[in-house]
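S.K.: Structure file query14.cif, mmCIF, C-alpha atoms, is pasted below:
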```
data_coords
#
loop_
_atom_site.label_atom_id
_atom_site.label_comp_id
_atom_site.auth_asym_id
_atom_site.auth_seq_id
_atom_site.Cartn_x
_atom_site.Cartn_y
_atom_site.Cartn_z
CA MET A 520 0.00 0.00 0.00
CA SER A 521 1.31 3.43 -0.90
CA GLU A 522 2.67 5.64 1.89
CA GLY A 523 1.84 8.80 -0.04
CA GLY A 524 4.76 9.03 -2.45
CA GLU A 525 4.83 12.48 -4.01
CA HIS A 526 1.52 13.32 -2.30
CA PRO A 527 1.87 13.48 1.50
CA LEU A 528 -0.71 11.59 3.52
CA VAL A 529 -3.42 13.58 5.26
CA TRP A 530 -4.36 11.96 8.58
CA VAL A 531 -7.86 12.55 9.96
CA LYS A 532 -9.20 11.92 13.49
CA SER A 533 -12.77 10.95 14.25
CA SER A 534 -15.15 13.82 14.96
CA PHE A 535 -16.25 11.76 18.01
CA THR A 536 -12.84 12.16 19.66
CA GLU A 537 -13.02 14.15 22.87
CA THR A 538 -9.57 13.51 24.35
CA GLY A 539 -7.54 13.54 21.15
CA ASN A 540 -6.38 9.96 21.78
CA CYS A 541 -7.82 7.79 19.06
CA VAL A 542 -7.07 6.24 15.72
CA GLU A 543 -6.34 8.34 12.68
CA VAL A 544 -7.13 7.39 9.10
CA ALA A 545 -5.45 8.34 5.81
CA THR A 546 -6.68 7.39 2.36
CA PRO A 547 -3.93 6.90 -0.19
CA VAL A 548 -5.09 5.95 -3.68
CA ASP A 549 -4.86 2.20 -3.10
CA GLY A 550 -6.48 1.68 0.31
CA ILE A 551 -6.95 2.88 3.88
CA LEU A 552 -4.21 3.38 6.48
CA VAL A 553 -4.94 3.43 10.23
CA ARG A 554 -2.59 4.51 13.03
CA ASP A 555 -2.67 5.34 16.75
CA SER A 556 -2.80 9.13 17.20
CA LYS A 557 -0.51 8.86 20.25
CA ARG A 558 2.18 7.16 18.12
CA PRO A 559 2.16 8.95 14.74
CA HIS A 560 5.48 7.37 13.73
CA GLY A 561 4.53 3.94 15.03
CA PRO A 562 3.03 1.03 13.11
CA ARG A 563 0.21 1.48 10.63
CA VAL A 564 -2.42 -0.98 9.51
CA GLY A 565 -3.27 -1.07 5.81
CA LEU A 566 -6.74 -2.16 4.73
CA ALA A 567 -8.48 -2.65 1.42
CA PRO A 568 -11.48 -0.30 1.12
CA ALA A 569 -13.97 -3.21 1.44
CA ALA A 570 -12.30 -4.39 4.66
CA TRP A 571 -12.39 -0.84 6.07
CA TYR A 572 -16.13 -0.52 5.41
CA GLN A 573 -16.75 -3.91 7.04
CA LEU A 574 -14.77 -2.81 10.11
CA VAL A 575 -16.70 0.47 10.36
CA ASP A 576 -20.04 -1.34 10.03
CA TRP A 577 -18.98 -3.83 12.73
CA ALA A 578 -17.89 -1.00 15.07
CA LYS A 579 -21.23 0.79 14.64
CA THR A 580 -23.16 -2.28 15.73
CA HIS A 581 -20.80 -3.29 18.59
CA GLN A 582 -20.36 0.00 20.42
CA VAL A 583 -19.09 -0.37 23.96
#
```
Please render this file's structure as structure tokens.
M.R.:
Amino acid sequence: MSEGGEHPLVWVKSSFTETGNCVEVATPVDGILVRDSKRPHGPRVGLAPAAWYQLVDWAKTHQV
């Protein structure tokens, strides 16, 4: 999955974040990247768009 190449990644936090500690998402051309906002230079998870939408749908129905 592309890390941005000549176009830098734009990381976005959820609008539901109150403390600022959450996951951030970037959308390069070929997928979705997810990282921990507390560790911006730490590991990232790459997902295909279909997998991302399945994860979001699951999270909406399994809110804690």
S.K.: Choose the residue, out of A:Pro562, A:Trp571, A:Ala578, A:Ser556, that has the smallest atom-to-atom separation from Asn540 of chain A; count all atoms listed in the file.
M.R.: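 Going through A:Pro562, A:Trp571, A:Ala578, A:Ser556 one by one, the smallest distance to Asn540 of chain A is for A:Ser556.
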S.K.: Write out as a list in words each polymer residue whose atoms come within 10 Å of Val564 of chain A, counting all atoms listed in the file; drop sequence neighbours fewer than 3 positions from it.
M.R.: Met520, Val544, Ile551, Leu552, Val553, Arg554 and Asp555 of chain A
S.K.: Taking into account all atoms listed in the file, which residue in the set A:Gln582, A:Val529, A:Arg563, A:Pro568 is nearest to Val542 of chain A?
M.R.: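 The closest residue to Val542 of chain A is A:Arg563.
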S.K.: Expressed in Å to a single decimal, how great is the separation between atom CA of Leu566 of chain A and atom CA of Gly550 of chain A?
M.R.: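 Atom-to-atom, atom CA of Leu566 of chain A to atom CA of Gly550 of chain A, that is 5.9 Å.
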S.K.: Take atom CA of Ala569 of chain A and atom CA of Thr538 of chain A and report the distance between them in Å, one decimal.
M.R.: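 The value is 28.7 Å.
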